[in-house]
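Below is start.cif, holding mmCIF, C-alpha atoms.
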data_my_file
#
loop_
_atom_site.label_atom_id
_atom_site.label_comp_id
_atom_site.auth_asym_id
_atom_site.auth_seq_id
_atom_site.Cartn_x
_atom_site.Cartn_y
_atom_site.Cartn_z
CA MET E 135 -20.96 29.60 54.67
CA SER E 136 -20.89 33.38 54.52
CA ASP E 137 -18.32 35.44 52.66
CA THR E 138 -16.53 36.20 55.94
CA THR E 139 -16.05 32.63 57.16
CA LEU E 140 -13.39 30.25 55.96
CA PRO E 141 -13.81 26.54 55.34
CA GLY E 142 -12.57 24.52 58.33
CA PRO E 143 -9.39 23.29 56.63
CA ASP E 144 -8.42 26.88 55.79
CA CYS E 145 -8.75 28.20 59.36
CA THR E 146 -5.53 29.18 61.10
CA THR E 147 -6.91 30.85 64.24
CA MET E 148 -9.52 29.95 66.83
CA LEU E 149 -11.34 33.17 65.96
CA GLU E 150 -11.80 31.86 62.41
CA VAL E 151 -12.88 28.44 63.70
CA ARG E 152 -15.42 29.97 66.08
CA ALA E 153 -16.81 32.25 63.37
CA GLY E 154 -17.26 29.22 61.13
CA VAL E 155 -18.92 27.18 63.86
CA ASP E 156 -21.27 30.06 64.69
CA GLN E 157 -22.21 30.39 61.02
CA VAL E 158 -22.88 26.66 60.70
CA ASP E 159 -25.00 26.78 63.86
CA ARG E 160 -27.14 29.56 62.37
CA GLU E 161 -27.55 27.49 59.20
CA LEU E 162 -28.51 24.42 61.24
CA VAL E 163 -31.19 26.36 63.09
CA ALA E 164 -32.57 27.58 59.76
CA LEU E 165 -32.66 23.98 58.52
CA LEU E 166 -34.39 22.88 61.72
CA ALA E 167 -37.03 25.55 61.17
CA ARG E 168 -37.62 24.07 57.70
CA ARG E 169 -37.81 20.56 59.18
CA PHE E 170 -40.29 21.61 61.85
CA ALA E 171 -42.47 23.28 59.19
CA TYR E 172 -42.91 19.76 57.82
CA MET E 173 -44.06 18.67 61.28
CA ASP E 174 -46.72 21.39 61.09
CA ALA E 175 -47.80 19.98 57.72
CA ALA E 176 -47.85 16.42 59.07
CA ALA E 177 -50.01 17.51 62.01
CA ARG E 178 -52.42 19.12 59.56
CA ILE E 179 -52.51 16.09 57.24
CA LYS E 180 -52.63 13.16 59.67
CA PRO E 181 -56.21 12.14 60.44
CA GLU E 182 -55.62 10.94 64.00
CA ARG E 183 -53.35 11.96 66.87
CA ALA E 184 -52.20 8.34 67.24
CA ALA E 185 -50.68 8.55 63.74
CA VAL E 186 -48.16 11.15 64.93
CA ARG E 187 -45.86 8.56 66.52
CA ASP E 188 -44.64 6.02 63.96
CA GLU E 189 -41.85 3.89 65.41
CA GLY E 190 -41.09 2.27 62.05
CA ARG E 191 -40.59 5.65 60.40
CA LYS E 192 -38.55 6.87 63.38
CA ALA E 193 -36.18 3.91 63.02
CA GLN E 194 -35.89 4.52 59.27
CA VAL E 195 -35.04 8.22 59.74
CA ILE E 196 -32.39 7.40 62.36
CA ASP E 197 -30.89 4.63 60.21
CA ASN E 198 -30.76 7.01 57.23
CA ALA E 199 -28.91 9.58 59.33
CA ARG E 200 -26.48 6.96 60.64
CA ILE E 201 -25.67 5.75 57.12
CA ALA E 202 -25.26 9.29 55.77
CA ALA E 203 -23.01 10.18 58.70
CA GLU E 204 -20.81 7.14 58.21
CA ASP E 205 -20.62 7.82 54.47
CA ALA E 206 -19.39 11.32 55.36
CA GLY E 207 -16.76 9.94 57.73
CA LEU E 208 -18.66 10.94 60.88
CA PRO E 209 -19.36 8.75 63.92
CA GLY E 210 -22.59 6.93 63.08
CA ASP E 211 -23.57 6.14 66.68
CA ALA E 212 -23.19 9.76 67.79
CA ILE E 213 -25.24 11.03 64.86
CA ALA E 214 -27.89 8.36 65.46
CA ASP E 215 -28.14 9.54 69.09
CA LEU E 216 -28.56 13.14 67.92
CA TRP E 217 -31.22 12.09 65.43
CA ASP E 218 -33.08 10.10 68.07
CA ARG E 219 -33.34 13.30 70.12
CA LEU E 220 -34.27 15.31 67.03
CA VAL E 221 -37.02 12.90 66.07
CA GLU E 222 -38.39 12.83 69.63
CA ALA E 223 -38.41 16.64 69.70
CA SER E 224 -40.15 16.62 66.31
CA ILE E 225 -42.79 14.19 67.56
CA ALA E 226 -43.44 16.32 70.65
CA TYR E 227 -43.71 19.43 68.44
CA GLU E 228 -46.06 17.66 66.04
CA LEU E 229 -48.27 16.46 68.89
CA ARG E 230 -48.61 20.05 70.15
CA ALA E 231 -49.38 21.20 66.60
CA PHE E 232 -51.98 18.44 66.20
CA ASP E 233 -53.64 19.42 69.48
CA ARG E 234 -53.88 23.07 68.37
CA ARG E 235 -55.80 22.28 65.21
#
Spit out the file's structure as structure tokens when you get a sec.
Amino acid sequence: MSDTTLPGPDCTTMLEVRAGVDQVDRELVALLARRFAYMDAAARIKPERAAVRDEGRKAQVIDNARIAAEDAGLPGDAIADLWDRLVEASIAYELRAFDRR
């Protein structure tokens, strides 16, 4: 959160809410860039292209997100769906990175 945005509970106008949401979105994109940098590393480290897709690991990552979401009071199924898409996008990115090496 920047110095100019308020925490959600402190917002009293939609302008404040939207500023906060926009700030969080920028932070999420920065976090995604960090996450995808790990996909670059994985593509560099994995010895074979077939090792990029790991369904067991995918399930574990999605389950971890579901549990963390529920612990935070968020809808677990919705977060699991988002993470499924995130992991699939990460796999596609990693495959492209693997093919470039």
- Would you work out the distance separating CA of Asn198 in chain E from CA of Leu220 in chain E, expressed in Å to one decimal?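 For CA of Asn198 in chain E relative to CA of Leu220 in chain E, the distance reads 13.3 Å.
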Taking 5 positions as the minimum chain separation for residues in the same chain, which residues sit within 12 Å of Val158 in chain E when counting only C-alpha atoms? Answer as a PDB file with C-alpha atoms, keeping the file's coordinate frame.
ATOM      1  CA  MET E 135     -20.960  29.600  54.670  1.00  0.00           C
ATOM      2  CA  SER E 136     -20.890  33.380  54.520  1.00  0.00           C
ATOM      3  CA  THR E 139     -16.050  32.630  57.160  1.00  0.00           C
ATOM      4  CA  LEU E 140     -13.390  30.250  55.960  1.00  0.00           C
ATOM      5  CA  PRO E 141     -13.810  26.540  55.340  1.00  0.00           C
ATOM      6  CA  GLY E 142     -12.570  24.520  58.330  1.00  0.00           C
ATOM      7  CA  VAL E 151     -12.880  28.440  63.700  1.00  0.00           C
ATOM      8  CA  ARG E 152     -15.420  29.970  66.080  1.00  0.00           C
ATOM      9  CA  ALA E 153     -16.810  32.250  63.370  1.00  0.00           C
ATOM     10  CA  VAL E 163     -31.190  26.360  63.090  1.00  0.00           C
ATOM     11  CA  ALA E 164     -32.570  27.580  59.760  1.00  0.00           C
ATOM     12  CA  LEU E 165     -32.660  23.980  58.520  1.00  0.00           C
TER      13      LEU E 165
END
- Measure the distance from CA of Val186 in chain E to CA of Asp233 in chain E in Å and round it to one decimal.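 A separation of 10.9 Å between them.
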- Task: Could you check how far CA of Arg187 in chain E sits from CA of Val221 in chain E, in Å to one decimal?
- Result: 9.9 Å
Selection result of the PyMOL selection byres ((chain E and resi 200-202) around 10) on this file, as a PDB file with C-alpha atoms, keeping the file's coordinate frame:
ATOM      1  CA  GLN E 194     -35.890   4.520  59.270  1.00  0.00           C
ATOM      2  CA  VAL E 195     -35.040   8.220  59.740  1.00  0.00           C
ATOM      3  CA  ILE E 196     -32.390   7.400  62.360  1.00  0.00           C
ATOM      4  CA  ASP E 197     -30.890   4.630  60.210  1.00  0.00           C
ATOM      5  CA  ASN E 198     -30.760   7.010  57.230  1.00  0.00           C
ATOM      6  CA  ALA E 199     -28.910   9.580  59.330  1.00  0.00           C
ATOM      7  CA  ALA E 203     -23.010  10.180  58.700  1.00  0.00           C
ATOM      8  CA  GLU E 204     -20.810   7.140  58.210  1.00  0.00           C
ATOM      9  CA  ASP E 205     -20.620   7.820  54.470  1.00  0.00           C
ATOM     10  CA  ALA E 206     -19.390  11.320  55.360  1.00  0.00           C
ATOM     11  CA  GLY E 207     -16.760   9.940  57.730  1.00  0.00           C
ATOM     12  CA  LEU E 208     -18.660  10.940  60.880  1.00  0.00           C
ATOM     13  CA  PRO E 209     -19.360   8.750  63.920  1.00  0.00           C
ATOM     14  CA  GLY E 210     -22.590   6.930  63.080  1.00  0.00           C
ATOM     15  CA  ASP E 211     -23.570   6.140  66.680  1.00  0.00           C
ATOM     16  CA  ALA E 212     -23.190   9.760  67.790  1.00  0.00           C
ATOM     17  CA  ILE E 213     -25.240  11.030  64.860  1.00  0.00           C
ATOM     18  CA  ALA E 214     -27.890   8.360  65.460  1.00  0.00           C
ATOM     19  CA  ASP E 215     -28.140   9.540  69.090  1.00  0.00           C
ATOM     20  CA  LEU E 216     -28.560  13.140  67.920  1.00  0.00           C
ATOM     21  CA  TRP E 217     -31.220  12.090  65.430  1.00  0.00           C
TER      22      TRP E 217
END
Shell of 12 Å around Ala171 in chain E, all atoms listed in the file, local chain residues under 4 positions omitted, as a PDB file with C-alpha atoms, in the coordinates of the input:
ATOM      1  CA  ALA E 164     -32.570  27.580  59.760  1.00  0.00           C
ATOM      2  CA  LEU E 165     -32.660  23.980  58.520  1.00  0.00           C
ATOM      3  CA  LEU E 166     -34.390  22.880  61.720  1.00  0.00           C
ATOM      4  CA  ALA E 167     -37.030  25.550  61.170  1.00  0.00           C
ATOM      5  CA  ALA E 175     -47.800  19.980  57.720  1.00  0.00           C
ATOM      6  CA  ALA E 176     -47.850  16.420  59.070  1.00  0.00           C
ATOM      7  CA  ALA E 177     -50.010  17.510  62.010  1.00  0.00           C
ATOM      8  CA  ARG E 178     -52.420  19.120  59.560  1.00  0.00           C
ATOM      9  CA  SER E 224     -40.150  16.620  66.310  1.00  0.00           C
ATOM     10  CA  TYR E 227     -43.710  19.430  68.440  1.00  0.00           C
ATOM     11  CA  GLU E 228     -46.060  17.660  66.040  1.00  0.00           C
ATOM     12  CA  ALA E 231     -49.380  21.200  66.600  1.00  0.00           C
TER      13      ALA E 231
END
- Query: So which one's closest to Arg183 in chain E, E:Thr138, E:Met148, E:Ala226, E:Val155? Using all atoms listed in the file, please.
  - Reply: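 Among the listed residues, E:Ala226 lies closest to Arg183 in chain E.
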- Message: Let me make sure I understand: among E:Arg235, E:Gly154, E:Pro143, E:Arg168, which one has the smallest atom-to-atom distance to Glu182 in chain E if we use all atoms listed in the file?
- Response: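 Between E:Arg235, E:Gly154, E:Pro143, E:Arg168, the residue approaching Glu182 in chain E most closely is E:Arg235.
The residue that comes closest to Ala193 in chain E, out of E:Glu222, E:Tyr172, E:Pro181, E:Asp144 and on the basis of all atoms listed in the file, is E:Glu222.
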Generate the coordinates of N, CA, C and O atoms for range 197-222 of chain E; report them as a PDB file, in the coordinates of the input.
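Wrote part-v7.pdb, looks like this:
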ATOM      1  N   ASP E 197     -31.805   5.458  61.007  1.00  0.00           N
ATOM      2  CA  ASP E 197     -30.890   4.630  60.210  1.00  0.00           C
ATOM      3  C   ASP E 197     -30.341   5.410  59.014  1.00  0.00           C
ATOM      4  O   ASP E 197     -29.154   5.311  58.689  1.00  0.00           O
ATOM      5  N   ASN E 198     -31.210   6.188  58.358  1.00  0.00           N
ATOM      6  CA  ASN E 198     -30.760   7.010  57.230  1.00  0.00           C
ATOM      7  C   ASN E 198     -29.688   8.002  57.665  1.00  0.00           C
ATOM      8  O   ASN E 198     -28.696   8.202  56.958  1.00  0.00           O
ATOM      9  N   ALA E 199     -29.890   8.615  58.824  1.00  0.00           N
ATOM     10  CA  ALA E 199     -28.910   9.580  59.330  1.00  0.00           C
ATOM     11  C   ALA E 199     -27.597   8.887  59.677  1.00  0.00           C
ATOM     12  O   ALA E 199     -26.515   9.413  59.389  1.00  0.00           O
ATOM     13  N   ARG E 200     -27.685   7.710  60.281  1.00  0.00           N
ATOM     14  CA  ARG E 200     -26.480   6.960  60.640  1.00  0.00           C
ATOM     15  C   ARG E 200     -25.669   6.622  59.382  1.00  0.00           C
ATOM     16  O   ARG E 200     -24.462   6.831  59.332  1.00  0.00           O
ATOM     17  N   ILE E 201     -26.341   6.128  58.366  1.00  0.00           N
ATOM     18  CA  ILE E 201     -25.670   5.750  57.120  1.00  0.00           C
ATOM     19  C   ILE E 201     -25.040   6.969  56.455  1.00  0.00           C
ATOM     20  O   ILE E 201     -23.874   6.935  56.027  1.00  0.00           O
ATOM     21  N   ALA E 202     -25.793   8.072  56.389  1.00  0.00           N
ATOM     22  CA  ALA E 202     -25.260   9.290  55.770  1.00  0.00           C
ATOM     23  C   ALA E 202     -24.057   9.808  56.550  1.00  0.00           C
ATOM     24  O   ALA E 202     -23.074  10.252  55.954  1.00  0.00           O
ATOM     25  N   ALA E 203     -24.133   9.725  57.867  1.00  0.00           N
ATOM     26  CA  ALA E 203     -23.010  10.180  58.700  1.00  0.00           C
ATOM     27  C   ALA E 203     -21.772   9.329  58.430  1.00  0.00           C
ATOM     28  O   ALA E 203     -20.674   9.862  58.227  1.00  0.00           O
ATOM     29  N   GLU E 204     -21.955   8.032  58.438  1.00  0.00           N
ATOM     30  CA  GLU E 204     -20.810   7.140  58.210  1.00  0.00           C
ATOM     31  C   GLU E 204     -20.229   7.333  56.824  1.00  0.00           C
ATOM     32  O   GLU E 204     -19.007   7.322  56.651  1.00  0.00           O
ATOM     33  N   ASP E 205     -21.104   7.558  55.827  1.00  0.00           N
ATOM     34  CA  ASP E 205     -20.620   7.820  54.470  1.00  0.00           C
ATOM     35  C   ASP E 205     -19.799   9.113  54.413  1.00  0.00           C
ATOM     36  O   ASP E 205     -18.913   9.241  53.569  1.00  0.00           O
ATOM     37  N   ALA E 206     -20.116  10.050  55.304  1.00  0.00           N
ATOM     38  CA  ALA E 206     -19.390  11.320  55.360  1.00  0.00           C
ATOM     39  C   ALA E 206     -18.178  11.262  56.286  1.00  0.00           C
ATOM     40  O   ALA E 206     -17.510  12.270  56.499  1.00  0.00           O
ATOM     41  N   GLY E 207     -17.907  10.079  56.847  1.00  0.00           N
ATOM     42  CA  GLY E 207     -16.760   9.940  57.730  1.00  0.00           C
ATOM     43  C   GLY E 207     -17.018  10.394  59.155  1.00  0.00           C
ATOM     44  O   GLY E 207     -16.074  10.625  59.916  1.00  0.00           O
ATOM     45  N   LEU E 208     -18.276  10.517  59.528  1.00  0.00           N
ATOM     46  CA  LEU E 208     -18.660  10.940  60.880  1.00  0.00           C
ATOM     47  C   LEU E 208     -19.023   9.730  61.725  1.00  0.00           C
ATOM     48  O   LEU E 208     -19.353   8.668  61.186  1.00  0.00           O
ATOM     49  N   PRO E 209     -19.015   9.876  63.048  1.00  0.00           N
ATOM     50  CA  PRO E 209     -19.360   8.750  63.920  1.00  0.00           C
ATOM     51  C   PRO E 209     -20.860   8.444  63.864  1.00  0.00           C
ATOM     52  O   PRO E 209     -21.697   9.233  64.330  1.00  0.00           O
ATOM     53  N   GLY E 210     -21.194   7.313  63.286  1.00  0.00           N
ATOM     54  CA  GLY E 210     -22.590   6.930  63.080  1.00  0.00           C
ATOM     55  C   GLY E 210     -23.399   6.856  64.358  1.00  0.00           C
ATOM     56  O   GLY E 210     -24.549   7.306  64.401  1.00  0.00           O
ATOM     57  N   ASP E 211     -22.821   6.273  65.418  1.00  0.00           N
ATOM     58  CA  ASP E 211     -23.570   6.140  66.680  1.00  0.00           C
ATOM     59  C   ASP E 211     -23.890   7.500  67.273  1.00  0.00           C
ATOM     60  O   ASP E 211     -25.003   7.728  67.763  1.00  0.00           O
ATOM     61  N   ALA E 212     -22.950   8.418  67.237  1.00  0.00           N
ATOM     62  CA  ALA E 212     -23.190   9.760  67.790  1.00  0.00           C
ATOM     63  C   ALA E 212     -24.270  10.486  67.000  1.00  0.00           C
ATOM     64  O   ALA E 212     -25.152  11.126  67.587  1.00  0.00           O
ATOM     65  N   ILE E 213     -24.224  10.368  65.691  1.00  0.00           N
ATOM     66  CA  ILE E 213     -25.240  11.030  64.860  1.00  0.00           C
ATOM     67  C   ILE E 213     -26.592  10.374  65.070  1.00  0.00           C
ATOM     68  O   ILE E 213     -27.617  11.060  65.155  1.00  0.00           O
ATOM     69  N   ALA E 214     -26.622   9.052  65.197  1.00  0.00           N
ATOM     70  CA  ALA E 214     -27.890   8.360  65.460  1.00  0.00           C
ATOM     71  C   ALA E 214     -28.487   8.829  66.792  1.00  0.00           C
ATOM     72  O   ALA E 214     -29.706   9.028  66.893  1.00  0.00           O
ATOM     73  N   ASP E 215     -27.651   9.029  67.798  1.00  0.00           N
ATOM     74  CA  ASP E 215     -28.140   9.540  69.090  1.00  0.00           C
ATOM     75  C   ASP E 215     -28.725  10.943  68.920  1.00  0.00           C
ATOM     76  O   ASP E 215     -29.778  11.253  69.482  1.00  0.00           O
ATOM     77  N   LEU E 216     -28.033  11.797  68.181  1.00  0.00           N
ATOM     78  CA  LEU E 216     -28.560  13.140  67.920  1.00  0.00           C
ATOM     79  C   LEU E 216     -29.898  13.069  67.191  1.00  0.00           C
ATOM     80  O   LEU E 216     -30.845  13.783  67.525  1.00  0.00           O
ATOM     81  N   TRP E 217     -29.991  12.203  66.206  1.00  0.00           N
ATOM     82  CA  TRP E 217     -31.220  12.090  65.430  1.00  0.00           C
ATOM     83  C   TRP E 217     -32.354  11.511  66.271  1.00  0.00           C
ATOM     84  O   TRP E 217     -33.509  11.904  66.095  1.00  0.00           O
ATOM     85  N   ASP E 218     -32.040  10.618  67.179  1.00  0.00           N
ATOM     86  CA  ASP E 218     -33.080  10.100  68.070  1.00  0.00           C
ATOM     87  C   ASP E 218     -33.693  11.263  68.861  1.00  0.00           C
ATOM     88  O   ASP E 218     -34.916  11.381  68.966  1.00  0.00           O
ATOM     89  N   ARG E 219     -32.845  12.136  69.374  1.00  0.00           N
ATOM     90  CA  ARG E 219     -33.340  13.300  70.120  1.00  0.00           C
ATOM     91  C   ARG E 219     -34.099  14.259  69.209  1.00  0.00           C
ATOM     92  O   ARG E 219     -35.125  14.820  69.597  1.00  0.00           O
ATOM     93  N   LEU E 220     -33.594  14.449  67.991  1.00  0.00           N
ATOM     94  CA  LEU E 220     -34.270  15.310  67.030  1.00  0.00           C
ATOM     95  C   LEU E 220     -35.651  14.779  66.688  1.00  0.00           C
ATOM     96  O   LEU E 220     -36.635  15.529  66.662  1.00  0.00           O
ATOM     97  N   VAL E 221     -35.736  13.491  66.431  1.00  0.00           N
ATOM     98  CA  VAL E 221     -37.020  12.900  66.070  1.00  0.00           C
ATOM     99  C   VAL E 221     -37.989  12.976  67.255  1.00  0.00           C
ATOM    100  O   VAL E 221     -39.171  13.297  67.080  1.00  0.00           O
ATOM    101  N   GLU E 222     -37.515  12.714  68.454  1.00  0.00           N
ATOM    102  CA  GLU E 222     -38.390  12.830  69.630  1.00  0.00           C
ATOM    103  C   GLU E 222     -38.878  14.261  69.812  1.00  0.00           C
ATOM    104  O   GLU E 222     -40.049  14.491  70.131  1.00  0.00           O
TER     105      GLU E 222
END
